[in-house]
>>> print(open('upload18.cif').read())   # mmCIF, C-alpha atoms
data_coords
#
loop_
_atom_site.label_atom_id
_atom_site.label_comp_id
_atom_site.auth_asym_id
_atom_site.auth_seq_id
_atom_site.Cartn_x
_atom_site.Cartn_y
_atom_site.Cartn_z
CA MET A 1 44.98 113.70 112.92
CA ALA A 2 43.13 113.86 109.63
CA GLU A 3 45.04 113.42 106.42
CA LEU A 4 45.55 116.59 104.40
CA GLU A 5 43.55 116.63 101.24
CA THR A 6 45.53 117.47 98.17
CA GLU A 7 44.24 118.38 94.77
CA PRO A 8 45.12 116.01 91.99
CA PRO A 9 47.60 117.42 89.51
CA ARG A 10 45.96 119.45 86.75
CA ARG A 11 46.12 118.18 83.23
CA GLY A 12 46.36 120.11 80.02
CA ARG A 13 48.12 123.32 79.11
CA PRO A 14 49.14 125.81 81.80
CA ALA A 15 47.28 129.10 81.94
CA ALA A 16 47.98 131.11 78.81
CA ALA A 17 49.94 134.33 78.82
CA ALA A 18 48.16 137.66 78.94
CA PRO A 19 48.73 140.74 76.74
CA ALA A 20 50.80 142.28 79.56
CA ASP A 21 53.18 139.31 79.40
CA VAL A 22 53.67 139.82 75.67
CA LEU A 23 54.29 143.52 76.20
CA ASP A 24 56.78 142.88 79.03
CA LEU A 25 58.74 140.33 76.99
CA ALA A 26 58.75 142.59 73.92
CA LEU A 27 59.90 145.53 76.06
CA GLY A 28 62.79 143.46 77.38
CA LEU A 29 63.85 142.57 73.82
CA TYR A 30 63.59 146.22 72.75
CA LEU A 31 65.61 147.53 75.71
CA ARG A 32 68.36 144.98 74.93
CA GLY A 33 68.47 146.24 71.34
CA GLN A 34 67.01 143.04 69.93
CA ARG A 35 64.40 142.75 67.23
CA ILE A 36 60.87 142.16 68.51
CA ASP A 37 60.20 138.77 66.94
CA LEU A 38 56.63 137.54 67.31
CA ARG A 39 57.62 133.94 66.60
CA ALA A 40 60.14 133.99 69.47
CA ILE A 41 57.66 135.70 71.82
CA SER A 42 54.96 133.23 70.86
CA GLY A 43 57.27 130.28 71.52
CA GLU A 44 58.55 131.58 74.83
CA LEU A 45 55.12 132.41 76.23
CA GLY A 46 53.25 129.49 74.70
CA VAL A 47 50.66 131.70 73.07
CA GLY A 48 49.83 131.63 69.38
CA ARG A 49 50.84 134.43 67.05
CA THR A 50 47.21 134.73 66.01
CA THR A 51 46.35 135.55 69.61
CA ILE A 52 49.11 138.17 69.76
CA TYR A 53 47.75 139.73 66.55
CA ARG A 54 44.25 139.72 68.04
CA TRP A 55 45.53 141.51 71.15
CA PHE A 56 47.71 144.09 69.42
CA GLY A 57 46.39 144.28 65.85
CA SER A 58 49.77 144.00 64.18
CA ARG A 59 53.47 143.68 64.93
CA GLU A 60 53.84 147.42 64.32
CA GLU A 61 51.19 148.16 66.92
CA LEU A 62 52.96 145.92 69.45
CA VAL A 63 56.27 147.66 68.72
CA GLY A 64 54.51 151.01 69.03
CA ASN A 65 53.17 150.05 72.44
CA VAL A 66 56.66 149.01 73.51
CA VAL A 67 58.30 152.23 72.27
CA ALA A 68 55.55 154.35 73.83
CA ARG A 69 55.85 152.58 77.18
CA ALA A 70 59.62 152.97 77.26
CA ALA A 71 59.32 156.66 76.31
CA GLU A 72 56.60 157.29 78.89
CA ASP A 73 58.68 155.65 81.62
CA LEU A 74 61.68 157.79 80.65
CA LEU A 75 59.63 161.00 80.52
CA THR A 76 58.03 160.28 83.90
CA SER A 77 61.43 159.64 85.45
CA ILE A 78 62.82 162.90 84.08
CA ALA A 79 59.76 164.95 85.09
CA GLU A 80 59.99 163.63 88.66
CA ARG A 81 63.60 164.80 88.95
CA VAL A 82 63.29 168.29 87.41
CA ARG A 83 62.61 171.03 89.95
CA GLY A 84 61.42 174.56 89.37
CA HIS A 85 58.21 175.68 87.75
CA GLY A 86 56.65 177.21 84.70
CA ALA A 87 58.21 177.48 81.26
CA GLU A 88 61.73 176.92 82.61
CA ARG A 89 60.74 173.58 84.15
CA LEU A 90 58.89 172.50 81.01
CA LEU A 91 61.86 173.36 78.81
CA GLU A 92 64.24 171.46 81.09
CA ILE A 93 62.01 168.36 81.10
CA PHE A 94 61.58 168.35 77.33
CA ASP A 95 65.26 169.08 76.67
CA ARG A 96 66.44 166.25 78.91
CA PHE A 97 63.88 163.93 77.34
CA ASN A 98 64.93 164.86 73.79
CA ARG A 99 68.61 164.33 74.59
CA ALA A 100 67.85 160.97 76.20
CA LEU A 101 65.87 159.89 73.13
CA ALA A 102 68.64 161.01 70.78
CA ASP A 103 71.12 158.88 72.74
CA ALA A 104 68.85 155.89 73.53
CA PRO A 105 70.60 152.68 72.43
CA ALA A 106 67.31 150.76 72.14
CA LEU A 107 65.78 153.38 69.87
CA ARG A 108 68.93 153.58 67.75
CA SER A 109 68.91 149.78 67.40
CA LEU A 110 65.28 149.80 66.31
CA LEU A 111 66.00 152.49 63.71
CA ALA A 112 69.08 150.61 62.46
CA GLN A 113 67.20 147.29 62.20
CA GLU A 114 64.11 148.56 60.37
CA ARG A 115 64.37 152.27 59.64
CA GLU A 116 61.25 152.85 57.53
CA ALA A 117 58.93 150.79 59.71
CA ALA A 118 60.43 152.33 62.86
CA LEU A 119 59.89 155.88 61.59
CA ARG A 120 56.30 155.01 60.68
CA ILE A 121 55.75 153.49 64.13
CA ILE A 122 57.30 156.46 65.95
CA THR A 123 55.83 159.33 63.95
CA SER A 124 52.41 158.27 62.62
CA SER A 125 49.42 160.17 63.97
CA GLU A 126 47.45 156.98 63.38
CA GLY A 127 49.90 154.88 65.39
CA VAL A 128 50.44 154.41 69.09
CA VAL A 129 53.53 156.48 69.92
CA THR A 130 52.65 160.00 68.77
CA PRO A 131 49.16 160.16 70.36
CA ARG A 132 50.44 158.78 73.67
CA MET A 133 53.40 161.17 73.73
CA VAL A 134 51.14 164.14 72.92
CA GLU A 135 48.85 163.07 75.76
CA ARG A 136 51.75 162.74 78.21
CA ILE A 137 53.39 166.04 77.19
CA ALA A 138 49.99 167.78 77.44
CA ALA A 139 49.55 166.40 80.97
CA ILE A 140 52.92 167.80 82.02
CA ILE A 141 52.10 171.22 80.54
CA ALA A 142 48.63 171.15 82.12
CA GLY A 143 50.23 170.41 85.50
CA GLU A 144 52.16 173.67 85.30
CA VAL A 145 49.05 175.53 84.12
CA ASP A 146 46.94 174.08 86.95
CA ALA A 147 49.62 175.07 89.47
CA GLY A 148 49.34 178.65 88.24
CA ALA A 149 52.98 178.57 87.13
CA TYR A 150 52.51 178.74 83.36
CA THR A 151 50.29 180.43 80.79
CA PRO A 152 50.68 178.67 77.45
CA PRO A 153 50.83 180.72 74.25
CA LEU A 154 48.16 178.46 72.69
CA ASP A 155 45.90 175.64 73.81
CA VAL A 156 47.70 172.85 75.67
CA GLU A 157 46.90 170.06 73.17
CA THR A 158 48.22 172.07 70.21
CA LEU A 159 51.33 173.06 72.13
CA ALA A 160 51.94 169.43 73.10
CA LEU A 161 51.53 168.29 69.49
CA ALA A 162 54.00 170.97 68.34
CA ILE A 163 56.55 169.85 70.96
CA VAL A 164 56.22 166.21 69.87
CA ARG A 165 56.39 166.99 66.14
CA LEU A 166 59.46 169.19 66.59
CA ALA A 167 61.22 166.42 68.51
CA GLU A 168 60.33 163.87 65.81
CA ALA A 169 61.74 166.12 63.09
CA PHE A 170 64.95 167.00 64.90
CA ILE A 171 65.69 163.60 66.43
CA PHE A 172 64.53 161.17 63.75
CA ASN A 173 63.41 162.53 60.43
CA ASP A 174 65.10 165.43 58.78
CA ALA A 175 68.57 164.27 57.82
CA ARG A 176 67.90 165.81 54.42
CA ALA A 177 67.53 169.23 56.04
CA GLY A 178 70.65 168.61 58.12
CA ILE A 179 68.89 168.80 61.49
CA ARG A 180 68.65 165.18 62.63
CA GLY A 181 70.11 164.94 66.11
CA GLU A 182 70.50 168.71 66.53
CA VAL A 183 69.15 168.82 70.08
CA ASP A 184 70.69 172.24 70.84
CA GLN A 185 68.66 173.78 68.00
CA LEU A 186 65.63 171.85 69.16
CA ARG A 187 66.02 173.30 72.66
CA ALA A 188 66.22 176.84 71.27
CA ILE A 189 63.04 176.38 69.22
CA GLU A 190 61.18 174.79 72.12
CA ALA A 191 62.29 177.67 74.37
CA ALA A 192 60.78 180.15 71.90
CA LEU A 193 57.60 178.10 71.59
CA LEU A 194 57.20 177.74 75.35
CA ARG A 195 58.24 181.38 75.86
CA ALA A 196 60.94 180.26 78.28
CA PRO A 197 63.75 182.70 79.06
#
>>> encode(input="upload18.cif", output="structure tokens")
Amino acid sequence: MAELETEPPRRGRPAAAAPADVLDLALGLYLRGQRIDLRAISGELGVGRTTIYRWFGSREELVGNVVARAAEDLLTSIAERVRGHGAERLLEIFDRFNRALADAPALRSLLAQEREAALRIITSSEGVVTPRMVERIAAIIAGEVDAGAYTPPLDVETLALAIVRLAEAFIFNDARAGIRGEVDQLRAIEAALLRAP
């Protein structure tokens, strides 16, 4: 019987982490309510901070990707569970999503740890979160339109942007106007906008 050939052990550093590994580790920190620390991520994955910056542009962009991914996962989960059709279904999806965001411990921790940066990350049109949420909300609305169950009062992209901006104002921003966290008022306004009964 011939001897089995074995490869000699490899020398040098193990294969480096990929951007998805950084994102997964950062998401885990975020969901546990911990600060997304690039030094800690770099050390744990054995990849330089310079490489992380090259992949994501900045810490804020990495955090934005994490927040967007968590929000997209939540929205998808809610949309899969909501039955019905048309404006009523859309309103129910968006209302459940808004209430979940208002109560999300990870999001509250992020806002408590770094309020100004977190608001910029969450609400900037130039960032990651708002454009991805508009795209996802538009896809949900378009699904109802394509099914022949809904006729939007304006174009789908504009309606999706309005839904996202309303949620940002009511959930995060406008403490000065006394509406932060007022999800019942938000539901009523979204019902009028969607023309839901």
>>> residues_around(input="upload18.cif", residues="Leu27 in chain A", least_positions_apart="6", cutoff="9 Å", atoms="all atoms listed in the file", output="ChimeraX atom specification")
/A:36,63,65-67,69-70
>>> resolve_selection(input="upload18.cif", expression="the PyMOL selection byres ((chain A and resi 37-54) around 7)", output="JSON, numbers by chain")
{"A": [16, 17, 22, 35, 36, 55, 56, 57, 58]}
>>> residues_near_point(input="upload18.cif", point="(63.9, 173.2, 79.4)", cutoff="10 Å", atoms="all atoms listed in the file", output="VMD selection string")
chain A and resid 82 86 to 97 187 to 188 190 to 191 194 196 to 197
>>> resolve_selection(input="upload18.cif", expression="the PyMOL selection byres ((chain A and resi 104-107) around 8)", output="ChimeraX atom specification")
/A:30-33,67,100-103,108-111
>>> closest_residue(input="upload18.cif", among="A:Ala169, A:Leu25, A:Ile141, A:Leu154", to="Asn98 in chain A", atoms="all atoms listed in the file")
A:Ala169
>>> closest_residue(input="upload18.cif", among="A:Glu168, A:Glu72, A:Glu144, A:Glu182", to="Ala118 in chain A", atoms="all atoms listed in the file")
A:Glu168
>>> residues_near_point(input="upload18.cif", point="(53.3, 163.1, 79.6)", cutoff="12 Å", atoms="all atoms listed in the file", output="JSON, numbers by chain")
{"A": [68, 69, 71, 72, 73, 74, 75, 76, 77, 78, 79, 80, 90, 93, 94, 97, 129, 130, 131, 132, 133, 134, 135, 136, 137, 138, 139, 140, 141, 142, 143, 156, 157, 160, 161, 163, 164]}
>>> atom_distance(input="upload18.cif", atom1="CA of Leu119 in chain A", atom2="CA of Val183 in chain A")
18.0 Å
>>> atom_distance(input="upload18.cif", atom1="CA of Glu116 in chain A", atom2="CA of Phe172 in chain A")
10.9 Å
>>> atom_distance(input="upload18.cif", atom1="CA of Ile189 in chain A", atom2="CA of Gly64 in chain A")
26.8 Å
>>> closest_residue(input="upload18.cif", among="A:Gly148, A:Ala167, A:Ala192, A:Leu23", to="Thr123 in chain A", atoms="only C-alpha atoms")
A:Ala167
>>> closest_residue(input="upload18.cif", among="A:Asp21, A:Glu60, A:Ala26, A:Arg195", to="Pro153 in chain A", atoms="only C-alpha atoms")
A:Arg195
>>> decode(input="upload18.cif", residues="range 95-107 of chain A", atoms="all heavy atoms", output="PDB file, in the first residue's frame")
ATOM      1  N   ASP A  95     -45.945  49.993   9.939  1.00  0.00           N
ATOM      2  CA  ASP A  95     -46.233  50.258  11.346  1.00  0.00           C
ATOM      3  C   ASP A  95     -45.468  49.294  12.254  1.00  0.00           C
ATOM      4  O   ASP A  95     -44.845  49.706  13.234  1.00  0.00           O
ATOM      5  CB  ASP A  95     -47.737  50.161  11.603  1.00  0.00           C
ATOM      6  CG  ASP A  95     -48.083  50.481  13.044  1.00  0.00           C
ATOM      7  OD1 ASP A  95     -47.667  51.546  13.552  1.00  0.00           O
ATOM      8  OD2 ASP A  95     -48.766  49.657  13.685  1.00  0.00           O
ATOM      9  N   ARG A  96     -45.503  48.019  11.934  1.00  0.00           N
ATOM     10  CA  ARG A  96     -44.750  47.043  12.746  1.00  0.00           C
ATOM     11  C   ARG A  96     -43.258  47.343  12.713  1.00  0.00           C
ATOM     12  O   ARG A  96     -42.563  47.230  13.724  1.00  0.00           O
ATOM     13  CB  ARG A  96     -45.005  45.618  12.248  1.00  0.00           C
ATOM     14  CG  ARG A  96     -46.381  45.094  12.571  1.00  0.00           C
ATOM     15  CD  ARG A  96     -46.467  43.640  12.159  1.00  0.00           C
ATOM     16  NE  ARG A  96     -47.839  43.144  12.199  1.00  0.00           N
ATOM     17  CZ  ARG A  96     -48.170  41.887  11.959  1.00  0.00           C
ATOM     18  NH1 ARG A  96     -47.237  40.991  11.657  1.00  0.00           N
ATOM     19  NH2 ARG A  96     -49.430  41.512  12.006  1.00  0.00           N
ATOM     20  N   PHE A  97     -42.757  47.702  11.542  1.00  0.00           N
ATOM     21  CA  PHE A  97     -41.339  48.031  11.393  1.00  0.00           C
ATOM     22  C   PHE A  97     -40.978  49.257  12.236  1.00  0.00           C
ATOM     23  O   PHE A  97     -39.978  49.249  12.961  1.00  0.00           O
ATOM     24  CB  PHE A  97     -41.034  48.255   9.913  1.00  0.00           C
ATOM     25  CG  PHE A  97     -39.602  48.576   9.612  1.00  0.00           C
ATOM     26  CD1 PHE A  97     -38.583  47.709   9.960  1.00  0.00           C
ATOM     27  CD2 PHE A  97     -39.268  49.741   8.938  1.00  0.00           C
ATOM     28  CE1 PHE A  97     -37.252  47.995   9.663  1.00  0.00           C
ATOM     29  CE2 PHE A  97     -37.951  50.037   8.632  1.00  0.00           C
ATOM     30  CZ  PHE A  97     -36.948  49.169   8.992  1.00  0.00           C
ATOM     31  N   ASN A  98     -41.790  50.301  12.151  1.00  0.00           N
ATOM     32  CA  ASN A  98     -41.529  51.520  12.922  1.00  0.00           C
ATOM     33  C   ASN A  98     -41.533  51.245  14.424  1.00  0.00           C
ATOM     34  O   ASN A  98     -40.679  51.746  15.163  1.00  0.00           O
ATOM     35  CB  ASN A  98     -42.562  52.598  12.588  1.00  0.00           C
ATOM     36  CG  ASN A  98     -42.425  53.094  11.163  1.00  0.00           C
ATOM     37  OD1 ASN A  98     -41.351  53.035  10.565  1.00  0.00           O
ATOM     38  ND2 ASN A  98     -43.528  53.571  10.608  1.00  0.00           N
ATOM     39  N   ARG A  99     -42.487  50.457  14.874  1.00  0.00           N
ATOM     40  CA  ARG A  99     -42.555  50.132  16.303  1.00  0.00           C
ATOM     41  C   ARG A  99     -41.348  49.300  16.735  1.00  0.00           C
ATOM     42  O   ARG A  99     -40.802  49.499  17.821  1.00  0.00           O
ATOM     43  CB  ARG A  99     -43.866  49.413  16.618  1.00  0.00           C
ATOM     44  CG  ARG A  99     -45.073  50.326  16.518  1.00  0.00           C
ATOM     45  CD  ARG A  99     -46.406  49.604  16.707  1.00  0.00           C
ATOM     46  NE  ARG A  99     -47.501  50.474  16.314  1.00  0.00           N
ATOM     47  CZ  ARG A  99     -48.026  51.417  17.102  1.00  0.00           C
ATOM     48  NH1 ARG A  99     -47.568  51.593  18.310  1.00  0.00           N
ATOM     49  NH2 ARG A  99     -49.028  52.165  16.653  1.00  0.00           N
ATOM     50  N   ALA A 100     -40.924  48.385  15.871  1.00  0.00           N
ATOM     51  CA  ALA A 100     -39.744  47.574  16.192  1.00  0.00           C
ATOM     52  C   ALA A 100     -38.490  48.448  16.257  1.00  0.00           C
ATOM     53  O   ALA A 100     -37.652  48.271  17.156  1.00  0.00           O
ATOM     54  CB  ALA A 100     -39.574  46.458  15.168  1.00  0.00           C
ATOM     55  N   LEU A 101     -38.372  49.395  15.340  1.00  0.00           N
ATOM     56  CA  LEU A 101     -37.221  50.309  15.374  1.00  0.00           C
ATOM     57  C   LEU A 101     -37.239  51.173  16.625  1.00  0.00           C
ATOM     58  O   LEU A 101     -36.205  51.384  17.255  1.00  0.00           O
ATOM     59  CB  LEU A 101     -37.212  51.215  14.136  1.00  0.00           C
ATOM     60  CG  LEU A 101     -36.841  50.583  12.810  1.00  0.00           C
ATOM     61  CD1 LEU A 101     -36.923  51.625  11.702  1.00  0.00           C
ATOM     62  CD2 LEU A 101     -35.455  49.965  12.857  1.00  0.00           C
ATOM     63  N   ALA A 102     -38.408  51.682  16.973  1.00  0.00           N
ATOM     64  CA  ALA A 102     -38.516  52.537  18.161  1.00  0.00           C
ATOM     65  C   ALA A 102     -38.134  51.796  19.430  1.00  0.00           C
ATOM     66  O   ALA A 102     -37.635  52.398  20.387  1.00  0.00           O
ATOM     67  CB  ALA A 102     -39.937  53.097  18.273  1.00  0.00           C
ATOM     68  N   ASP A 103     -38.332  50.480  19.451  1.00  0.00           N
ATOM     69  CA  ASP A 103     -38.025  49.668  20.626  1.00  0.00           C
ATOM     70  C   ASP A 103     -36.720  48.893  20.521  1.00  0.00           C
ATOM     71  O   ASP A 103     -36.384  48.147  21.441  1.00  0.00           O
ATOM     72  CB  ASP A 103     -39.168  48.666  20.879  1.00  0.00           C
ATOM     73  CG  ASP A 103     -40.449  49.352  21.309  1.00  0.00           C
ATOM     74  OD1 ASP A 103     -40.374  50.474  21.850  1.00  0.00           O
ATOM     75  OD2 ASP A 103     -41.523  48.769  21.084  1.00  0.00           O
ATOM     76  N   ALA A 104     -35.990  49.009  19.425  1.00  0.00           N
ATOM     77  CA  ALA A 104     -34.796  48.188  19.191  1.00  0.00           C
ATOM     78  C   ALA A 104     -33.672  48.540  20.162  1.00  0.00           C
ATOM     79  O   ALA A 104     -33.145  49.658  20.121  1.00  0.00           O
ATOM     80  CB  ALA A 104     -34.317  48.363  17.753  1.00  0.00           C
ATOM     81  N   PRO A 105     -33.291  47.605  21.028  1.00  0.00           N
ATOM     82  CA  PRO A 105     -32.219  47.890  21.990  1.00  0.00           C
ATOM     83  C   PRO A 105     -30.895  48.268  21.319  1.00  0.00           C
ATOM     84  O   PRO A 105     -30.195  49.161  21.800  1.00  0.00           O
ATOM     85  CB  PRO A 105     -32.074  46.577  22.773  1.00  0.00           C
ATOM     86  CG  PRO A 105     -33.361  45.858  22.579  1.00  0.00           C
ATOM     87  CD  PRO A 105     -33.863  46.273  21.221  1.00  0.00           C
ATOM     88  N   ALA A 106     -30.541  47.612  20.220  1.00  0.00           N
ATOM     89  CA  ALA A 106     -29.273  47.914  19.555  1.00  0.00           C
ATOM     90  C   ALA A 106     -29.256  49.347  19.035  1.00  0.00           C
ATOM     91  O   ALA A 106     -28.268  50.072  19.184  1.00  0.00           O
ATOM     92  CB  ALA A 106     -29.036  46.932  18.418  1.00  0.00           C
ATOM     93  N   LEU A 107     -30.353  49.763  18.437  1.00  0.00           N
ATOM     94  CA  LEU A 107     -30.448  51.116  17.901  1.00  0.00           C
ATOM     95  C   LEU A 107     -30.431  52.144  19.024  1.00  0.00           C
ATOM     96  O   LEU A 107     -29.761  53.179  18.933  1.00  0.00           O
ATOM     97  CB  LEU A 107     -31.725  51.238  17.068  1.00  0.00           C
ATOM     98  CG  LEU A 107     -31.799  52.314  16.011  1.00  0.00           C
ATOM     99  CD1 LEU A 107     -30.571  52.362  15.132  1.00  0.00           C
ATOM    100  CD2 LEU A 107     -33.041  52.117  15.164  1.00  0.00           C
TER     101      LEU A 107
END
